[in-house]
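Structure file query_39.txt (compact mmCIF, C-alpha atoms) is printed below.
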# COMPACT_ATOMS: atom_id res chain seq x y z
CA MET J 95 28.40 59.82 34.17
CA GLY J 96 29.79 57.22 31.81
CA ALA J 97 32.30 56.14 34.50
CA VAL J 98 29.49 55.64 37.03
CA HIS J 99 27.14 53.57 34.83
CA GLY J 100 29.82 51.53 33.02
CA PRO J 101 30.44 48.88 35.69
CA ALA J 102 26.72 48.45 36.31
CA GLY J 103 26.13 47.78 32.57
CA ALA J 104 28.96 45.29 32.49
CA GLY J 105 27.48 43.50 35.48
CA SER J 106 24.14 43.25 33.72
CA LEU J 107 25.79 41.75 30.64
CA GLN J 108 27.65 39.22 32.78
CA LYS J 109 24.40 38.29 34.51
CA ASP J 110 22.64 37.78 31.16
CA SER J 111 25.57 35.69 29.94
CA LYS J 112 25.42 33.47 33.02
CA VAL J 113 21.66 33.03 32.56
CA ALA J 114 22.18 32.01 28.91
CA VAL J 115 24.87 29.50 29.89
CA ALA J 116 22.64 28.10 32.62
CA LYS J 117 19.77 27.67 30.15
CA ALA J 118 22.03 25.89 27.67
CA GLN J 119 23.28 23.58 30.41
CA ALA J 120 19.70 22.90 31.46
CA VAL J 121 18.76 21.99 27.89
CA ARG J 122 21.72 19.61 27.61
CA ALA J 123 20.87 18.09 30.98
CA ALA J 124 17.26 17.62 29.92
CA ARG J 125 18.47 15.85 26.78
CA ARG J 126 20.63 13.56 28.87
CA GLN J 127 17.99 12.84 31.51
CA VAL J 128 14.95 11.81 29.51
CA THR J 129 12.15 9.56 30.69
CA MET J 130 11.81 6.78 28.15
CA LYS J 131 8.38 5.25 27.59
CA GLY J 132 8.56 2.13 25.49
CA LEU J 133 6.71 -0.99 24.44
CA TYR J 134 7.94 -4.51 25.17
CA PHE J 135 6.43 -7.95 24.69
CA GLN J 136 6.56 -11.03 26.86
CA GLN J 137 5.98 -14.55 25.61
CA SER J 138 4.28 -17.13 27.76
CA SER J 139 6.54 -20.05 28.70
CA THR J 140 3.76 -22.54 28.00
CA SER J 141 2.41 -21.18 24.70
CA GLU J 142 3.07 -18.77 21.86
CA GLU J 143 0.75 -16.19 23.41
CA ILE J 144 2.33 -12.73 23.45
CA THR J 145 1.58 -10.04 26.03
CA PHE J 146 2.50 -6.41 25.35
CA VAL J 147 3.82 -4.41 28.29
CA PHE J 148 4.14 -0.64 28.46
CA GLN J 149 7.17 0.36 30.55
CA GLU J 150 8.80 3.56 31.69
CA ARG J 151 12.52 3.90 32.29
CA GLU J 152 13.86 7.12 33.73
CA ASN J 153 17.32 8.59 33.35
CA LEU J 154 18.66 6.97 30.22
CA PRO J 155 22.38 6.22 30.47
CA VAL J 156 24.65 9.01 29.30
CA THR J 157 25.45 8.72 25.60
CA GLU J 158 29.03 7.49 25.24
CA ASP J 159 31.57 6.28 22.70
CA ASN J 160 29.92 5.48 19.33
CA TYR J 161 26.32 5.68 20.52
CA VAL J 162 23.70 8.20 19.44
CA LYS J 163 20.69 9.30 21.47
CA LEU J 164 17.69 9.63 19.20
CA GLN J 165 14.25 11.20 19.52
CA VAL J 166 12.00 8.84 17.55
CA LYS J 167 9.61 10.46 15.07
CA ALA J 168 8.28 7.31 13.36
CA CYS J 169 8.61 3.57 13.85
CA ALA J 170 7.48 0.56 11.81
CA LEU J 171 6.27 -2.53 13.65
CA SER J 172 7.18 -5.55 11.56
CA GLN J 173 6.96 -9.24 12.33
CA ILE J 174 8.75 -10.38 15.50
CA ASN J 175 10.89 -13.43 14.73
CA ILE J 176 10.72 -15.16 18.11
CA LYS J 177 12.31 -18.33 16.77
CA LEU J 178 15.38 -16.47 15.52
CA LEU J 179 15.77 -14.71 18.88
CA ALA J 180 15.73 -18.09 20.61
CA GLU J 181 18.24 -19.57 18.13
CA MET J 182 20.62 -16.65 18.74
CA LYS J 183 20.33 -17.09 22.53
CA MET J 184 18.79 -13.63 22.86
CA GLU J 185 15.90 -14.69 25.06
CA LYS J 186 14.88 -12.13 27.66
CA ASP J 187 12.02 -11.55 30.08
CA PHE J 188 10.91 -8.60 27.97
CA PHE J 189 11.67 -8.10 24.28
CA PRO J 190 11.78 -4.59 22.73
CA VAL J 191 9.12 -3.91 20.10
CA GLY J 192 9.76 -2.00 16.87
CA ARG J 193 13.12 -1.78 15.10
CA GLU J 194 12.74 0.36 11.95
CA ILE J 195 13.01 3.94 13.19
CA ALA J 196 13.44 7.50 11.95
CA GLY J 197 14.13 10.48 14.16
CA ILE J 198 16.28 13.41 15.27
CA VAL J 199 19.67 13.13 16.96
CA LEU J 200 19.60 14.58 20.47
CA ASP J 201 23.09 13.75 21.67
CA VAL J 202 26.19 11.91 20.43
CA GLY J 203 29.01 10.05 22.13
CA SER J 204 32.61 11.21 22.15
CA LYS J 205 33.65 8.82 19.36
CA VAL J 206 30.72 9.45 17.00
CA SER J 207 32.00 10.73 13.64
CA PHE J 208 29.00 10.54 11.27
CA PHE J 209 26.32 12.50 13.13
CA GLN J 210 25.74 15.55 15.26
CA PRO J 211 22.75 16.87 17.24
CA ASP J 212 19.66 17.83 15.20
CA ASP J 213 20.56 15.51 12.30
CA ALA J 214 17.61 13.61 10.77
CA VAL J 215 18.45 9.90 10.61
CA VAL J 216 16.90 6.52 9.84
CA GLY J 217 17.93 2.94 10.52
CA ILE J 218 17.13 -0.50 11.87
CA LEU J 219 17.83 -1.35 15.51
CA PRO J 220 19.94 -4.51 15.98
CA LEU J 221 18.38 -7.71 17.33
CA ASP J 222 20.13 -7.29 20.69
CA SER J 223 18.97 -3.70 21.20
CA GLU J 224 17.87 -3.01 24.76
CA ASP J 225 15.66 -0.10 23.68
CA PRO J 226 12.45 -0.57 21.69
CA GLY J 227 11.85 1.52 18.61
CA LEU J 228 8.33 2.18 19.87
CA CYS J 229 9.41 4.67 22.50
CA GLU J 230 10.18 8.36 22.72
CA VAL J 231 13.98 8.16 22.98
CA VAL J 232 16.44 5.38 22.10
CA ARG J 233 20.19 4.81 22.16
CA VAL J 234 21.71 3.18 19.09
CA HIS J 235 25.20 2.63 17.69
CA GLU J 236 25.99 5.04 14.85
CA HIS J 237 26.79 2.16 12.48
CA TYR J 238 23.10 1.25 12.30
CA LEU J 239 22.00 4.69 11.10
CA VAL J 240 22.19 6.85 7.96
CA HIS J 241 21.03 10.39 7.21
CA LYS J 242 17.42 10.85 6.14
CA PRO J 243 16.97 12.99 3.00
CA GLU J 244 14.92 16.15 3.49
CA LYS J 245 12.36 15.14 0.85
CA VAL J 246 11.57 11.86 2.61
CA THR J 247 8.99 11.98 5.41
CA TRP J 248 9.50 10.28 8.76
CA THR J 249 6.90 7.60 8.04
CA GLU J 250 8.23 6.94 4.52
CA ALA J 251 11.73 6.45 5.89
CA ALA J 252 10.74 4.08 8.71
CA GLY J 253 8.16 2.24 6.61
CA THR J 254 10.41 1.55 3.61
CA ILE J 255 13.87 0.94 5.05
CA ARG J 256 13.48 -2.79 5.86
CA ASP J 257 11.79 -3.77 2.59
CA GLY J 258 14.43 -1.77 0.74
CA VAL J 259 17.18 -3.74 2.48
CA ARG J 260 15.43 -7.04 1.71
CA ALA J 261 14.99 -6.14 -1.98
CA TYR J 262 18.64 -5.08 -2.31
CA THR J 263 19.84 -8.21 -0.54
CA ALA J 264 17.77 -10.46 -2.80
CA LEU J 265 18.39 -8.81 -6.16
CA HIS J 266 21.88 -7.34 -5.86
CA TYR J 267 23.81 -9.54 -3.44
CA LEU J 268 22.11 -12.92 -3.85
CA SER J 269 21.18 -12.92 -7.55
CA HIS J 270 23.39 -10.24 -9.17
CA LEU J 271 20.67 -8.34 -11.00
CA SER J 272 21.79 -6.67 -14.23
CA PRO J 273 20.15 -5.02 -17.30
CA GLY J 274 18.31 -7.38 -19.62
CA LYS J 275 17.67 -10.07 -17.01
CA SER J 276 14.19 -11.53 -16.57
CA VAL J 277 12.87 -11.49 -12.98
CA LEU J 278 9.86 -13.23 -11.44
CA ILE J 279 8.57 -11.45 -8.31
CA MET J 280 6.08 -13.55 -6.38
CA ASP J 281 3.28 -11.65 -4.60
CA GLY J 282 4.28 -8.45 -6.38
CA ALA J 283 1.68 -6.31 -4.59
CA SER J 284 3.23 -6.91 -1.16
CA ALA J 285 5.50 -4.30 0.41
CA LEU J 286 8.63 -6.28 -0.49
CA GLY J 287 7.28 -7.18 -3.92
CA THR J 288 6.53 -3.56 -4.83
CA ILE J 289 10.01 -2.35 -3.88
CA ALA J 290 11.62 -5.32 -5.67
CA ILE J 291 9.66 -4.56 -8.85
CA GLN J 292 10.72 -0.91 -8.77
CA LEU J 293 14.36 -1.84 -8.16
CA ALA J 294 14.34 -4.41 -11.00
CA HIS J 295 12.81 -1.89 -13.41
CA HIS J 296 15.38 0.71 -12.39
CA ARG J 297 18.15 -1.76 -13.24
CA GLY J 298 16.66 -2.44 -16.68
CA ALA J 299 15.26 -5.92 -16.03
CA LYS J 300 12.15 -7.51 -17.51
CA VAL J 301 9.67 -8.12 -14.69
CA ILE J 302 7.00 -10.80 -14.31
CA ALA J 303 4.87 -10.74 -11.15
CA THR J 304 2.19 -12.84 -9.51
CA ALA J 305 -0.97 -11.54 -7.82
CA CYS J 306 -2.92 -13.23 -5.03
CA SER J 307 -6.20 -11.39 -5.63
CA LEU J 308 -8.03 -9.41 -8.29
CA GLU J 309 -7.30 -6.20 -6.39
CA ASP J 310 -3.57 -7.00 -6.38
CA LYS J 311 -3.69 -7.78 -10.10
CA GLN J 312 -5.29 -4.42 -10.88
CA TYR J 313 -2.73 -2.64 -8.70
CA LEU J 314 0.19 -4.32 -10.47
CA GLU J 315 -1.24 -3.54 -13.91
CA ARG J 316 -1.32 0.16 -13.00
CA LEU J 317 2.37 0.30 -12.11
CA ARG J 318 4.70 2.28 -14.36
CA PRO J 319 6.96 1.20 -15.96
CA SER J 320 4.55 -1.57 -16.84
CA ILE J 321 5.14 -5.20 -15.86
CA ALA J 322 5.68 -7.65 -18.74
CA ARG J 323 3.07 -10.06 -17.38
CA VAL J 324 0.90 -10.28 -14.25
CA ILE J 325 -0.07 -13.85 -13.32
CA ASP J 326 -3.29 -14.01 -11.28
CA LEU J 327 -3.12 -16.95 -8.87
CA SER J 328 -6.33 -16.16 -6.98
CA ASN J 329 -8.61 -18.35 -9.10
CA GLY J 330 -6.28 -21.35 -9.00
CA LYS J 331 -6.33 -21.74 -12.79
CA ALA J 332 -3.11 -19.98 -13.80
CA HIS J 333 0.05 -22.07 -14.03
CA VAL J 334 3.15 -20.13 -13.04
CA ALA J 335 5.70 -22.29 -14.83
CA GLU J 336 3.79 -22.35 -18.14
CA SER J 337 3.18 -18.58 -18.05
CA CYS J 338 6.85 -17.78 -17.38
CA LEU J 339 8.14 -20.16 -20.05
CA GLU J 340 5.69 -18.69 -22.54
CA GLU J 341 6.78 -15.13 -21.68
CA THR J 342 10.49 -15.98 -22.04
CA GLY J 343 10.19 -18.05 -25.21
CA GLY J 344 10.87 -21.29 -23.36
CA LEU J 345 14.20 -20.10 -21.92
CA GLY J 346 12.98 -19.62 -18.35
CA VAL J 347 13.55 -16.67 -16.03
CA ASP J 348 16.96 -15.59 -14.76
CA ILE J 349 15.92 -14.63 -11.22
CA VAL J 350 13.06 -15.79 -8.98
CA LEU J 351 12.17 -14.04 -5.72
CA ASP J 352 9.49 -16.11 -4.04
CA ALA J 353 7.10 -15.27 -1.22
CA GLY J 354 7.12 -18.82 0.09
CA VAL J 355 6.65 -22.10 -1.76
CA ARG J 356 4.45 -25.15 -1.36
CA LEU J 357 6.40 -28.24 -0.35
CA TYR J 358 3.53 -30.67 -0.75
CA SER J 359 0.70 -31.26 -3.21
CA LYS J 360 -2.48 -29.24 -2.79
CA GLY J 361 -4.34 -32.25 -1.43
CA ASP J 362 -1.76 -32.71 1.34
CA GLU J 363 -1.56 -29.00 2.21
CA PRO J 364 -4.08 -28.14 4.97
CA ASP J 365 -3.56 -24.35 4.88
CA VAL J 366 -5.76 -22.74 2.19
CA LYS J 367 -3.40 -19.77 1.82
CA LEU J 368 -0.43 -22.05 1.16
CA GLN J 369 -2.40 -23.78 -1.58
CA LEU J 370 -2.11 -20.59 -3.66
CA LEU J 371 1.69 -20.73 -3.53
CA PRO J 372 3.58 -22.38 -6.39
CA HIS J 373 5.04 -25.82 -5.78
CA LYS J 374 8.83 -26.03 -5.49
CA HIS J 375 8.86 -28.14 -8.69
CA ASP J 376 7.21 -25.25 -10.57
CA ILE J 377 9.98 -22.87 -9.49
CA ILE J 378 12.69 -25.30 -10.60
CA THR J 379 10.91 -25.85 -13.93
CA LEU J 380 10.58 -22.14 -14.80
CA LEU J 381 14.16 -21.31 -13.78
CA GLY J 382 16.49 -20.72 -16.72
CA VAL J 383 20.05 -21.97 -17.25
CA GLY J 384 22.39 -20.27 -14.78
CA GLY J 385 19.37 -18.85 -12.96
CA HIS J 386 19.10 -17.73 -9.32
CA TRP J 387 16.28 -18.76 -7.01
CA VAL J 388 16.03 -16.51 -3.93
CA THR J 389 13.65 -18.05 -1.42
CA THR J 390 12.04 -16.87 1.81
CA GLU J 391 11.11 -20.47 2.71
CA GLU J 392 13.37 -21.29 5.65
CA LYS J 393 12.27 -24.94 5.73
CA LEU J 394 12.82 -25.63 2.03
CA GLN J 395 13.38 -29.33 1.30
CA LEU J 396 14.89 -30.46 -1.99
CA ASP J 397 14.81 -34.10 -3.04
CA PRO J 398 17.71 -35.63 -5.04
CA PRO J 399 15.83 -35.25 -8.38
CA ASP J 400 15.28 -31.55 -7.58
CA SER J 401 18.97 -31.05 -6.83
CA TYR J 402 19.95 -32.90 -10.00
CA CYS J 403 17.70 -30.66 -12.12
CA LEU J 404 19.27 -27.57 -10.55
CA PHE J 405 22.70 -29.08 -11.20
CA LEU J 406 21.91 -29.61 -14.90
CA LYS J 407 20.83 -25.98 -15.20
CA GLY J 408 23.82 -24.68 -13.26
CA ALA J 409 21.30 -22.81 -11.11
CA THR J 410 21.66 -21.60 -7.53
CA VAL J 411 19.37 -21.43 -4.52
CA ALA J 412 19.86 -18.64 -1.96
CA PHE J 413 17.98 -17.96 1.24
CA LEU J 414 16.79 -14.42 1.93
CA ASN J 415 17.57 -13.57 5.55
CA ASP J 416 18.10 -9.83 5.82
CA GLU J 417 19.08 -10.20 9.49
CA VAL J 418 22.54 -11.43 8.46
CA TRP J 419 23.61 -7.80 8.06
CA ASN J 420 22.96 -7.18 11.77
CA LEU J 421 24.18 -10.56 12.97
CA SER J 422 27.68 -9.99 11.60
CA ASN J 423 29.72 -6.80 11.28
CA VAL J 424 32.04 -8.22 8.63
CA GLN J 425 30.23 -6.36 5.83
CA GLN J 426 29.05 -3.33 7.79
CA GLY J 427 30.22 -0.99 5.04
CA LYS J 428 28.04 -2.71 2.41
CA TYR J 429 25.08 -2.59 4.79
CA LEU J 430 25.41 1.17 5.30
CA CYS J 431 25.70 1.64 1.52
CA ILE J 432 22.40 -0.24 1.10
CA LEU J 433 20.67 1.95 3.69
CA LYS J 434 21.96 5.12 2.02
CA ASP J 435 20.98 3.96 -1.46
CA VAL J 436 17.46 3.01 -0.34
CA MET J 437 16.96 6.50 1.09
CA GLU J 438 18.43 8.12 -2.02
CA LYS J 439 16.08 6.20 -4.32
CA LEU J 440 13.15 7.03 -2.08
CA SER J 441 14.11 10.70 -2.26
CA THR J 442 14.48 10.73 -6.06
CA GLY J 443 11.23 8.85 -6.69
CA VAL J 444 12.72 5.57 -7.91
CA PHE J 445 11.04 3.93 -4.91
CA ARG J 446 7.42 4.96 -4.26
CA ALA J 447 6.32 3.80 -0.84
CA GLN J 448 2.88 2.18 -0.53
CA LEU J 449 2.08 2.77 3.15
CA ASP J 450 -1.03 2.72 5.29
CA ASP J 451 -1.93 5.75 7.39
CA PRO J 452 0.20 5.71 10.56
CA PHE J 453 -1.15 5.32 14.08
CA GLN J 454 -0.43 8.03 16.61
CA TYR J 455 1.82 6.91 19.44
CA LEU J 456 2.26 6.93 22.52
CA LYS J 457 -0.70 5.78 24.63
CA PRO J 458 -0.56 3.05 27.28
CA GLU J 459 -4.23 2.23 26.72
CA PHE J 460 -3.70 1.55 23.01
CA PRO J 461 -5.10 -1.91 22.05
CA TRP J 462 -1.68 -3.47 21.38
CA LYS J 463 -3.22 -6.94 21.31
CA LEU J 464 -4.41 -6.12 17.79
CA PHE J 465 -0.81 -6.51 16.62
CA ARG J 466 0.05 -9.84 18.22
CA LYS J 467 0.25 -11.33 14.74
CA VAL J 468 1.77 -8.81 12.37
CA LYS J 469 1.80 -10.07 8.78
CA GLU J 470 5.26 -10.50 7.35
CA ASP J 471 4.38 -8.56 4.21
CA LYS J 472 2.72 -5.62 5.96
CA SER J 473 4.28 -3.42 8.65
CA LYS J 474 2.31 -1.19 10.99
CA LEU J 475 3.49 2.42 11.16
CA PHE J 476 3.48 4.60 14.25
CA GLN J 477 4.07 8.34 14.21
CA PHE J 478 5.10 10.35 17.25
CA LYS J 479 3.48 13.69 17.94
CA ALA J 480 5.71 16.71 17.51

Could you express the structure from this file as structure tokens?
Amino acid sequence: MGAVHGPAGAGSLQKDSKVAVAKAQAVRAARRQVTMKGLYFQQSSTSEEITFVFQERENLPVTEDNYVKLQVKACALSQINIKLLAEMKMEKDFFPVGREIAGIVLDVGSKVSFFQPDDAVVGILPLDSEDPGLCEVVRVHEHYLVHKPEKVTWTEAAGTIRDGVRAYTALHYLSHLSPGKSVLIMDGASALGTIAIQLAHHRGAKVIATACSLEDKQYLERLRPSIARVIDLSNGKAHVAESCLEETGGLGVDIVLDAGVRLYSKGDEPDVKLQLLPHKHDIITLLGVGGHWVTTEEKLQLDPPDSYCLFLKGATVAFLNDEVWNLSNVQQGKYLCILKDVMEKLSTGVFRAQLDDPFQYLKPEFPWKLFRKVKEDKSKLFQFKA
């Protein structure tokens, strides 16, 4: 009896094995042939008006070489620097929207060495990326990604990664932060300001911060470790330079990270918001000998007397442009180390993300026009349904 039923049993096993192989091939094929739904924006040729366009693109190219195919779980929508795109000759009919992403690896190219399918990763898409972060599936080079720690949520990873890179660039690479230094963080309650404060405290620095409203002042005063002094600029009465010199015994601060500066007097400045910013002369006055001024003001103008004062102090001025990491691959290793360290500090609680509740994506009828002007200090988070 055993000789009669043996071949039939073997045939059944072979059939089951073929079915399993076919299912596995189908899964891999489905991963390769995914319909991508993404968000793009188009700028009018006659004005700065931006139109958001929801597009579908079927059959993503097969993942090859050093590229990773990623299922996006969360994406942060930060400010779109149209001017920089034009300067870099990256003008297109449709620009991808959303660059800070976190998700799961679906497929990897033949030359990928850092990742494998099902890995949780996070990163920032390069400026020339053809795929938007606000879509279901993207392709990205492995050198723009790092592993996401298990303790960090998708939204925390995507919502913190850019501000973490900006804070590291400003305090470590542009101003050489070290224990015992005094640091002035302008607009400390902003996303960048909060991360910069936490990083400075972690490195053993003395932190002074400015607040643009009473609510921001109360928020900063609740932070632990506590800030040495919070300067409230909302009422227009506080003087930044005097407060910093008083706090440092007249020596001035070692590092200044501004959130923009006023180039003209208050009477000549039409924008009310800019009137709350410190004047460039105030920054130079409060800067100590050998100090570092890290500015986000891309149009900063220094007159000869300003330059001479900086010369006498032996001080430096550096411009914070975090895009330099993606515009040049010369220091790609340092960039990846920054990404990894930001995620590690987020996982261990050194960084505590202050994020708004995320929007659920992906709906074509979503009122995207609400985000035509995304504030530089506040990203919008989108979370993809499981």

- [ ] Could you please determine the separation between atom CA of J:Leu278 and atom CA of J:Pro372 in Å, to one decimal place?
- [x] 12.2 Å

Open item on the list: Calculated over all atoms listed in the file, which of the candidates J:Ala285, J:Leu268, J:Leu433, J:Ile321 has the smallest distance to J:His386?
Closed with: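 Among J:Ala285, J:Leu268, J:Leu433, J:Ile321, it is J:Leu268 that comes nearest to J:His386.
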
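With only C-alpha atoms as the atoms that count, the residue of J:Glu417, J:Glu309, J:Asp376, J:Asp348 with the shortest distance to J:Val334 is J:Asp376.
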
Task: Among listed residues J:Gln136, J:Thr379, J:Thr389, J:Ser328, nearest J:Gln149 (using all atoms listed in the file) - done: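 The closest residue to J:Gln149 is J:Gln136.
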
Task: Closest of J:Gly382, J:Gln395, J:Gln477, J:Asn423 to J:Gly197 - atom-to-atom distances counting all atoms listed in the file - done: J:Gln477

- [ ] Please identify all polymer residues lying at most 9 Å from the point (15.1, -2.2, 7.2) (file coordinates), using all atoms listed in the file, and present the result as an MDAnalysis selection string.
- [x] chainID J and resid 193:195 217:219 252:260 416 433

- [ ] Can you work out which one of J:Arg356, J:Tyr313, J:Pro273, J:Leu221 has the shortest atom-to-atom distance to J:Leu179, counting only C-alpha atoms?
- [x]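 Among the listed residues, J:Leu221 lies closest to J:Leu179.
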
Task: Residue among J:Val232, J:Leu351, J:Val240, J:Ala214 lying closest to J:Cys431, counting only C-alpha atoms - done: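 So, comparing all the options, the nearest one is J:Val240.
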
Could you add the missing atoms to stretch 410-424 of chain J, up to N, CA and C atoms, and return them as a PDB file, keeping the file's coordinate frame?
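File selection-v5.pdb, as written:
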ATOM      1  N   THR J 410      21.343 -21.734  -8.958  1.00  0.00           N
ATOM      2  CA  THR J 410      21.660 -21.600  -7.530  1.00  0.00           C
ATOM      3  C   THR J 410      20.394 -21.337  -6.738  1.00  0.00           C
ATOM      4  N   VAL J 411      20.440 -21.723  -5.466  1.00  0.00           N
ATOM      5  CA  VAL J 411      19.370 -21.430  -4.520  1.00  0.00           C
ATOM      6  C   VAL J 411      19.965 -20.637  -3.364  1.00  0.00           C
ATOM      7  N   ALA J 412      19.379 -19.486  -3.064  1.00  0.00           N
ATOM      8  CA  ALA J 412      19.860 -18.640  -1.960  1.00  0.00           C
ATOM      9  C   ALA J 412      18.694 -18.329  -1.030  1.00  0.00           C
ATOM     10  N   PHE J 413      19.002 -18.238   0.252  1.00  0.00           N
ATOM     11  CA  PHE J 413      17.980 -17.960   1.240  1.00  0.00           C
ATOM     12  C   PHE J 413      18.030 -16.493   1.644  1.00  0.00           C
ATOM     13  N   LEU J 414      16.871 -15.851   1.597  1.00  0.00           N
ATOM     14  CA  LEU J 414      16.790 -14.420   1.930  1.00  0.00           C
ATOM     15  C   LEU J 414      16.580 -14.260   3.433  1.00  0.00           C
ATOM     16  N   ASN J 415      17.631 -13.895   4.120  1.00  0.00           N
ATOM     17  CA  ASN J 415      17.570 -13.570   5.550  1.00  0.00           C
ATOM     18  C   ASN J 415      18.273 -12.247   5.747  1.00  0.00           C
ATOM     19  N   ASP J 416      17.496 -11.168   5.748  1.00  0.00           N
ATOM     20  CA  ASP J 416      18.100  -9.830   5.820  1.00  0.00           C
ATOM     21  C   ASP J 416      18.741  -9.559   7.184  1.00  0.00           C
ATOM     22  N   GLU J 417      18.486 -10.410   8.174  1.00  0.00           N
ATOM     23  CA  GLU J 417      19.080 -10.200   9.490  1.00  0.00           C
ATOM     24  C   GLU J 417      20.586 -10.469   9.495  1.00  0.00           C
ATOM     25  N   VAL J 418      21.104 -11.121   8.465  1.00  0.00           N
ATOM     26  CA  VAL J 418      22.540 -11.430   8.460  1.00  0.00           C
ATOM     27  C   VAL J 418      23.380 -10.161   8.521  1.00  0.00           C
ATOM     28  N   TRP J 419      22.853  -9.054   8.015  1.00  0.00           N
ATOM     29  CA  TRP J 419      23.610  -7.800   8.060  1.00  0.00           C
ATOM     30  C   TRP J 419      23.825  -7.332   9.497  1.00  0.00           C
ATOM     31  N   ASN J 420      22.843  -7.598  10.372  1.00  0.00           N
ATOM     32  CA  ASN J 420      22.960  -7.180  11.770  1.00  0.00           C
ATOM     33  C   ASN J 420      23.579  -8.253  12.656  1.00  0.00           C
ATOM     34  N   LEU J 421      23.611  -9.486  12.178  1.00  0.00           N
ATOM     35  CA  LEU J 421      24.180 -10.560  12.970  1.00  0.00           C
ATOM     36  C   LEU J 421      25.695 -10.634  12.826  1.00  0.00           C
ATOM     37  N   SER J 422      26.236 -10.006  11.810  1.00  0.00           N
ATOM     38  CA  SER J 422      27.680  -9.990  11.600  1.00  0.00           C
ATOM     39  C   SER J 422      28.108  -8.605  11.122  1.00  0.00           C
ATOM     40  N   ASN J 423      29.227  -8.128  11.662  1.00  0.00           N
ATOM     41  CA  ASN J 423      29.720  -6.800  11.280  1.00  0.00           C
ATOM     42  C   ASN J 423      30.792  -6.872  10.200  1.00  0.00           C
ATOM     43  N   VAL J 424      30.980  -8.051   9.622  1.00  0.00           N
ATOM     44  CA  VAL J 424      32.040  -8.220   8.630  1.00  0.00           C
ATOM     45  C   VAL J 424      31.807  -7.319   7.420  1.00  0.00           C
TER      46      VAL J 424
END
